[in-house]
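Engineer: Here's a structure for you.
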Amino acid sequence: MAFLYDWITRDKKRKPLPPKDRSNLPFARLGFTFKEWHDSHINKHKWRNRRWAFLIFINVLFITSFAFDLSILEGSLSGSRLIGIYLMDPFNSAQELVISSRVGFLALLTTNFWIGFFVILTIYWLIGGGRAFCSWVCPYHFLAEMGEKVRAYFIKKKKVRDKIYDTTVKYVFWAGFLLLAFVTKELVFEDINPVGILSRSLIYGPGLALIWVVALLLFEIFGVKRFWCRYVCPIGTTYGIIGDLSPIGIKFELDKCGYCTDCQDVCLVPHELWFVKKGAATREVHFTGGDCTKCGLCVDVCYGEALSFGFKAPSYVLGKVEEKKELHPLEIPDDVTDKKQEK
Amino acid sequence: MAKTNSKIDRRQFLKAGVSAVVSLAVVGSAAYYFKDKSSLIEQGYLRPPGSRAEKDFLFSCIKCGLCVQICPVRAIKLADWDDGLSYGTPFIDPNVQACDFSCDAIQCAETCPTAAIDFQIFKEAGNKAVAPLFEKYPDGRFPKDINPFEVQITAMKRADKIGEAEIPNPEQCLAYNGHGYKGTLGHGNKGKLRPPGQTERVRIEETQVNREICDLCVIYCPLGEEAIELNKIEEGKFLPKVKDGCVGCGVCQMVCPTNPVSIIVKPVDKEPRFS
């Protein structure tokens with residue numbers, strides 16, 4: 001465990017690179033002040049719109065498969081079948097495996113179960129980049145995102161206050177729910193899993209269990225920001241563990257960064273963007289880790305386009321530090337030029 | 001930065017960790033509390049054919065709902081929170097829509113990824129039934145009156161007993177009072193079924209029947225004579241008799257025209273093998 005922790009946090013432990021001079025900051029290189037550069041940016045919402053469209057599309061596929069017998073994506077988010085190929089929720093499967101190995105049920109699980117389990121792990125390792133499930137598929141994430149907007153209103157009115165807690169507590173929940181499954185020999189987590197509840201309610205019709213989802217949502221609005229997703233959800237944690245080893249991530253290029261940290265403000269898991277703070281980066285290129293949901297909000301908000309979706313090079317995964325290269329040539333965005341001319 | 005905050009981090013983590021453990025303990029004890037209160041079978045609902053014993057079923061079902069989707073008559077529903085740990089597991093309410101075996105291959109069992117609904121028993125029973133036929137006709141050319149598919153399906157239908165029909169109050173039964181029945185099938189419920197010997201499904205609320213003596217539970221039984229027959233008790237008095245061949249599919253309860261229904265399917269629980 002300690003080895004794994006060291007490996008995951010290897011970049012954080014390295015000696016940070018010296019912070020850039022003012023003259024080397026991207027806005028200075030283009031001949032603007034920080035304010036001009038910052039104010040000129042138009043938030044594009046490119047990735048957010050794509051992501052919402054995809055999330056709604058997937059969930060509509062689930063609904064129509066049952067309602068109109070479309071049979072493309074059958075089942076629910078707990079377990080489904082995409083044109084004949086089974087897909088299994090990884091944490092649900094993990095609980096099932098824990099119980100099965102205890103009571104001797106393991107050999108009776110069908111081949112389809114194993115296919116579904118490994119297909120979903122492969123998809124999210126290779127294409128999804130781990131926790132991409134959360135922001136690109138999970139219907140609860142969508143609701144929570146809307147809840148966050150409501151929360152922002154109450155923050156403005158000074159009715160609630162943001163406080164960030166330690167997110168490592170989610171590993172306690174992760175192990176705890178597996179232990180509960182082992183002890184009680186029941187899929188305990190499935191009874192309170194808002195993802196499954198919401199998915200099933202959407203597909204097979206609403207039920208009493210939705211009360212729990214509404215309660216959670218209200219707590220996220222008036223209590224702790226993104227409580228379930230950040231600190232509890234073991235499904236997300238499972239994907240996060242795969243995500244640490246995923247070849248995909250949000251790529252950060254230090255020389256394009258203007259140290260504004262606006263990306264951390266929009267991020268669901270700001271600790272994954274630890275390297276954007278002035279003097280925190282330990283290498284020229286960083287990738288976000290397993291907790292990153294690849295939602296793309298930071299990519300949309302970044303003024304210097306320092307953040308983008310990217311593939312990790314094998315040398316990066318192995319922890320090799322790249323040599324300092326020449327600075328990226330910067331392009332002046334059209335809107336910035338307009339502003340300067342107006343002045 | 002990390003160094004100065006490490007002490008606070010640790011304290012905060014311990015705090016959060018303790019509350020996590022406490023909430024997990026609450027959830028766990030709730031699970032223990034509801035464990036014996038979660039049986040849908042005790043409430044008189046049926047599990048889909050091939051389902052494991054209730055105790056085994058609860059841990060092996062992952063609540064995906066694939067069985068709900070595959071059922072052509074939509075007999076299967078998912079339980080809600082008021083059923084405790086049974087939440088999200090499939091059940092059949094034969095009072096509304098029973099399993100009429102019209103999917104032929106027990107598809108809910110076949111589709112189940114965790115074998116909570118066990119397809120093996122149906123597969124084995126079917127194969128066992130057709131094996132002698134293939135031995136007799138190894139070239140696969142069967143005489144016209146033998147349909148191996150039908151033999152297989154019939155054996156599969158018989159393979160698992162999920163319940164047993166019984167008639168708690170004979171006085172309610174139309175046949176017992178010597179009455180016939182004219183009208184639509186069922187007791188005001190909507191549902192679908194494929195009558196034995198036919199190829200198309202019908203809606204029960206649209207199906208008109210006219211029987212001199214009401215024997216709907218007998219003529220619509222997917223397992224036929226081996227499961228139920230109409231017995232003459234005395235002159236003008238009849239009563240359906242449930243036989244050993246009844247598997248508890250619930251069709252008789254679904255089509256019964258009296259309200260409350262005269263024939264009820266009592267679910268049968270199996271011996272738990274794993275817990």
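The way I read the labels, and the way they are meant: chains A, B, ... in the order of the structure tokens, residue 1 as the first residue of every chain, and ligand 1 as the first ligand shown, with later ones counted on from there.
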For the contact check between chain A and chain B, emit one row per residue of chain A within 6 Å, containing the shortest atom pair and the distance in Å rounded to one decimal, counting only C-alpha atoms, chain then rising number order, as CSV.

Structural biologist:
residue,atom,partner,partner_atom,distance
A:Phe66,CA,B:Gln69,CA,5.8
A:Gly75,CA,B:Leu66,CA,4.5
A:Ser76,CA,B:Cys64,CA,5.3
A:Ser78,CA,B:Cys64,CA,4.9
A:Gly79,CA,B:Cys64,CA,4.7
A:Val103,CA,B:Phe274,CA,5.4
A:Leu109,CA,B:Thr114,CA,4.9
A:Thr110,CA,B:Pro113,CA,5.6
A:Asn112,CA,B:Pro113,CA,5.6
A:Phe113,CA,B:Pro113,CA,4.9
A:Asp166,CA,B:Phe13,CA,5.8
A:Val169,CA,B:Gly17,CA,5.6
A:Glu186,CA,B:Phe59,CA,4.8
A:Leu187,CA,B:Phe59,CA,5.8
A:Leu208,CA,B:Trp81,CA,5.8
A:Ala209,CA,B:Trp81,CA,5.3

Engineer: Could you pull the residues within 9 Å of Gly289 in chain A, counting only C-alpha atoms, minus those fewer than 5 positions along the same chain, as a list in words?

Structural biologist: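 The contact residues come out as Ile8, Gly240, Gly243, Asp244, Leu245, Ser246, Gly249, Ile250, Glu272 and Leu273 of chain A.
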
Engineer: Can you list, as a VMD selection string, every residue of range 28-269 of chain A that DSSP puts in alpha helix (DSSP H)?

Structural biologist: chain A and resid 28 to 30 34 to 39 46 to 67 90 to 103 111 to 123 132 to 136 139 to 156 169 to 184 188 to 191 194 to 204 210 to 222 227 234 to 243 262 to 266

Engineer: Quick check, in Å to one decimal: how far apart do CA of Lys12 in chain A and CA of Arg131 in chain A lie?

Structural biologist: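 Between CA of Lys12 in chain A and CA of Arg131 in chain A the gap is 20.4 Å.
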
Engineer: Just the strand (DSSP E) stuff from range 78-212 of chain B, please, per backbone DSSP, written as a PyMOL selection string.

Structural biologist: chain B and resi 78+90-92+163-166+181-184+192-193+202-203+208-211

Engineer: Limited to C-alpha atoms, could you put the picked residues into a file as a PDB file, in the first residue's frame?

Structural biologist:
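See selection_14.pdb below for the written result:
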ATOM      1  CA  LEU B  78     -38.264  -4.402  -9.205  1.00  0.00           C
ATOM      2  CA  PRO B  90     -37.036  -8.699  -9.317  1.00  0.00           C
ATOM      3  CA  PHE B  91     -40.386 -10.161  -8.344  1.00  0.00           C
ATOM      4  CA  ILE B  92     -43.582 -11.233 -10.035  1.00  0.00           C
ATOM      5  CA  GLY B 163     -44.766 -21.678  -6.112  1.00  0.00           C
ATOM      6  CA  GLU B 164     -47.872 -23.739  -5.835  1.00  0.00           C
ATOM      7  CA  ALA B 165     -51.464 -22.827  -6.545  1.00  0.00           C
ATOM      8  CA  GLU B 166     -54.067 -23.330  -3.879  1.00  0.00           C
ATOM      9  CA  TYR B 181     -68.472 -17.230 -16.633  1.00  0.00           C
ATOM     10  CA  LYS B 182     -69.081 -14.827 -19.454  1.00  0.00           C
ATOM     11  CA  GLY B 183     -66.901 -11.788 -19.878  1.00  0.00           C
ATOM     12  CA  THR B 184     -63.249 -10.820 -20.046  1.00  0.00           C
ATOM     13  CA  LYS B 192     -50.832 -10.440 -21.445  1.00  0.00           C
ATOM     14  CA  LEU B 193     -50.597 -14.126 -22.013  1.00  0.00           C
ATOM     15  CA  VAL B 202     -53.507 -11.798 -26.192  1.00  0.00           C
ATOM     16  CA  ARG B 203     -54.427  -9.049 -23.761  1.00  0.00           C
ATOM     17  CA  GLN B 208     -63.890 -12.497 -24.149  1.00  0.00           C
ATOM     18  CA  VAL B 209     -64.684 -15.921 -22.811  1.00  0.00           C
ATOM     19  CA  ASN B 210     -67.927 -17.813 -22.332  1.00  0.00           C
ATOM     20  CA  ARG B 211     -67.747 -20.983 -20.260  1.00  0.00           C
TER      21      ARG B 211
END
